[in-house]
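Student: Here you go, one structure.
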Amino acid sequence: MYCEDSLGTDIDHFWPKSDYPDRTFLWENYLLACSHCNSNLKRSQFPRDAAGQPELLDPTVDEPSDHLLFLPTNGCFEPKGPKGPESIRVFALNDDRRRLPEARRDALLCLELLIRDYDRVVDTDPAKAAKLRAAARDFPFSGVLVWLVRVALAPAGAVVLGDELYALLQRHGVASWP
């Protein structure tokens with residue numbers, strides 16, 4: 001849920017059960033997380049604002065792109081909203097030792113290739129096209145696909161993505177990709 005590497009193996013109690021025992025068995029308090037984010041990083045860290053509200057993103061409630069801006073040139077996130085800074089810090093989202101920025105850049109490249117392959121076969125092999133589209137939707141680091149779609153829907157999308165990729169996303173119903 002936090003780093004988007006799709007290696008979720010642990011159940012995290014978003015509101016830590018040590019500090020909020022009344023939320024221990026609430027279904028909405030359970031999030032799938034990788035063991036590194038859950039056990040090594042978040043543990044019992046749970047920064048709250050002056051009103052007592054979490055300063056960490058809860059991806060089941062918050063729209064991550066409201067709080068994090070993806071930078072495709074380096075694969076990092078820049079804080080954009082109030083929950084961005086603490087989420088980046090607590091989950092080490094930009095830490096090169098975790099390889100997350102590099103993995104996001106790799107995801108962008110792979111998604112571009114999937115989209116280009118989809119365009120190549122969509123008219124001749126609909127079954128393969130469906131598999132490629134599903135692979136793009138299920139690819140790790142789903143925030144990168146969301147970023148691609150949002151940029152393609154923006155007025156300056158062609159400038160950011162390049163004319164060819166922008167045209168492909170437009171031709172194939174960009175809004176339906178994620």
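By order of appearance in the structure tokens: chains A, B, ..., then residues from 1 within every chain, and ligands from 1 in the order shown.
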Any idea what's packed within 9 Å of A:Phe14, counting only C-alpha atoms, ignoring anything in its chain fewer than 4 positions away? Could you give it as a PyMOL selection string?

Tutor: chain A and resi 28-31+46+56+58

Student: Can you tell me which residues surround A:Leu26 at a distance of at most 12 Å, considering only C-alpha atoms, apart from same-chain residues fewer than 5 positions away, and format the answer as a tab-separated table (two decimals) with C-alpha atoms, in the first residue's frame?

Tutor:
chain	number	residue	atom	x	y	z
A	12	ASP	CA	-0.37	-3.19	8.81
A	13	HIS	CA	-2.61	-1.59	11.38
A	14	PHE	CA	-2.76	1.91	9.91
A	15	TRP	CA	-3.72	3.32	13.32
A	16	PRO	CA	-1.13	1.44	15.44
A	17	LYS	CA	-2.77	-1.10	17.72
A	20	TYR	CA	-5.24	2.69	19.41
A	21	PRO	CA	-6.30	-0.72	20.77
A	31	LEU	CA	-3.70	-2.43	5.03

Student: Given the choices A:Leu168, A:Ala129, A:Ala158, A:Leu148, which gets closest to A:Ser65 if the distance is worked out from only C-alpha atoms?

Tutor: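 Closest to A:Ser65 of all the choices is A:Leu148.
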
Student: With only C-alpha atoms as the basis for distance, which of A:Val151, A:Leu100, A:Leu169, A:Leu68 is at the shortest distance from A:Arg133?

Tutor: A:Leu169

Student: As a list in words, please: the residues near stretch 119-128 of chain A (cut-off 12 Å, only C-alpha atoms, same-chain neighbours under 6 positions excluded).

Tutor: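 With the cut-off at 12 Å, the set is Glu112, Leu113, Ala134, Ala135, Glu164, Leu165, Ala167, Leu168, Leu169, Gln170, Arg171, His172 and Gly173 of chain A.
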
Student: Per residue of stretch 30-56 of chain A within 10 Å of stretch 82-93 of chain A, record the nearest atom pair and its distance in Å to one decimal, counting only C-alpha atoms, with rows in chain order and ascending residue number, as CSV.

Tutor:
residue,atom,partner,partner_atom,distance
A:His36,CA,A:Phe91,CA,8.8
A:Cys37,CA,A:Phe91,CA,5.9
A:Asn38,CA,A:Phe91,CA,8.7
A:Asn40,CA,A:Phe91,CA,9.1
A:Leu41,CA,A:Phe91,CA,5.8
A:Lys42,CA,A:Val90,CA,6.0
A:Arg43,CA,A:Val90,CA,9.5
A:Gln45,CA,A:Val90,CA,7.4
A:Phe46,CA,A:Val90,CA,8.6
A:Pro47,CA,A:Glu86,CA,7.4
A:Arg48,CA,A:Glu86,CA,9.5
A:Asp49,CA,A:Pro82,CA,9.5
A:Pro54,CA,A:Lys83,CA,7.9
A:Glu55,CA,A:Lys83,CA,4.8
A:Leu56,CA,A:Ser87,CA,4.9

Student: Residues of stretch 88-161 of chain A classed as helix (DSSP H, G or I) by DSSP on the backbone are to be reported as number ranges by chain.

Tutor: A: 88-90, 96-98, 100-121, 126-138, 142-153, 157-161

Student: Rank nothing, just name the residue among A:Lys131, A:Gly75, A:Asp96, A:Ser176 nearest to A:Asp117, using only C-alpha atoms.

Tutor: A:Lys131

Student: Among chain A, which ones does DSSP assign to strand (DSSP E or B) (computed from the backbone)? Answer as a ChimeraX atom specification.

Tutor: /A:10-13,30-33,48,54,68-71,76-79

Student: Generate a file of the selected residues that holds N, CA and C atoms, formatted as a CSV table (one decimal), in the first residue's frame.

Tutor:
chain,number,residue,atom,x,y,z
A,10,ASP,N,2.6,-8.4,4.6
A,10,ASP,CA,2.2,-8.1,6.0
A,10,ASP,C,0.8,-7.3,6.1
A,11,ILE,N,0.2,-7.5,7.2
A,11,ILE,CA,-1.0,-6.7,7.4
A,11,ILE,C,-0.6,-5.6,8.4
A,12,ASP,N,-0.7,-4.3,8.0
A,12,ASP,CA,-0.4,-3.2,8.8
A,12,ASP,C,-1.6,-2.7,9.5
A,13,HIS,N,-1.5,-2.3,10.7
A,13,HIS,CA,-2.6,-1.6,11.4
A,13,HIS,C,-2.3,-0.1,11.2
A,30,TYR,N,-6.9,-2.3,8.5
A,30,TYR,CA,-5.9,-3.2,8.0
A,30,TYR,C,-5.5,-2.8,6.6
A,31,LEU,N,-4.2,-2.7,6.4
A,31,LEU,CA,-3.7,-2.4,5.0
A,31,LEU,C,-2.6,-3.5,4.7
A,32,LEU,N,-2.6,-3.9,3.5
A,32,LEU,CA,-1.5,-4.8,3.0
A,32,LEU,C,-0.3,-4.0,2.8
A,33,ALA,N,0.8,-4.4,3.3
A,33,ALA,CA,2.1,-3.6,3.2
A,33,ALA,C,3.2,-4.6,3.0
A,48,ARG,N,0.8,12.8,13.6
A,48,ARG,CA,-0.5,13.4,13.5
A,48,ARG,C,-0.4,14.9,13.5
A,54,PRO,N,-4.1,11.8,11.0
A,54,PRO,CA,-2.9,11.2,10.5
A,54,PRO,C,-2.2,12.1,9.4
A,68,LEU,N,1.4,13.5,-3.4
A,68,LEU,CA,2.7,13.2,-3.9
A,68,LEU,C,2.7,13.5,-5.4
A,69,LEU,N,3.8,14.2,-5.8
A,69,LEU,CA,4.0,14.5,-7.2
A,69,LEU,C,5.1,13.6,-7.7
A,70,PHE,N,4.8,12.8,-8.7
A,70,PHE,CA,5.8,11.9,-9.3
A,70,PHE,C,6.7,12.7,-10.2
A,71,LEU,N,8.0,12.5,-10.1
A,71,LEU,CA,9.0,13.2,-10.9
A,71,LEU,C,9.6,12.1,-11.8
A,76,CYS,N,11.5,10.0,-8.2
A,76,CYS,CA,11.2,10.3,-6.8
A,76,CYS,C,9.8,11.0,-6.7
A,77,PHE,N,9.4,11.1,-5.5
A,77,PHE,CA,8.1,11.8,-5.2
A,77,PHE,C,8.5,13.2,-4.5
A,78,GLU,N,7.8,14.2,-4.9
A,78,GLU,CA,7.9,15.5,-4.2
A,78,GLU,C,6.6,15.7,-3.5
A,79,PRO,N,6.7,16.2,-2.2
A,79,PRO,CA,5.5,16.5,-1.5
A,79,PRO,C,4.7,17.5,-2.2

Student: For each of A:Trp177, A:Asp5, A:Leu57, A:Pro72, take the minimum atom-to-atom distance to A:Arg98, counting only C-alpha atoms, then give the residue where this is smallest.

Tutor: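 Using only C-alpha atoms, the shortest distance to A:Arg98 belongs to A:Asp5.
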
Student: From the options A:Met1, A:Asp163, A:Asp62, A:Ser6, which residue's atoms come nearest to A:Ala103, counting only C-alpha atoms?

Tutor: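 Looking only at the distances to A:Ala103, the closest residue turns out to be A:Ser6.
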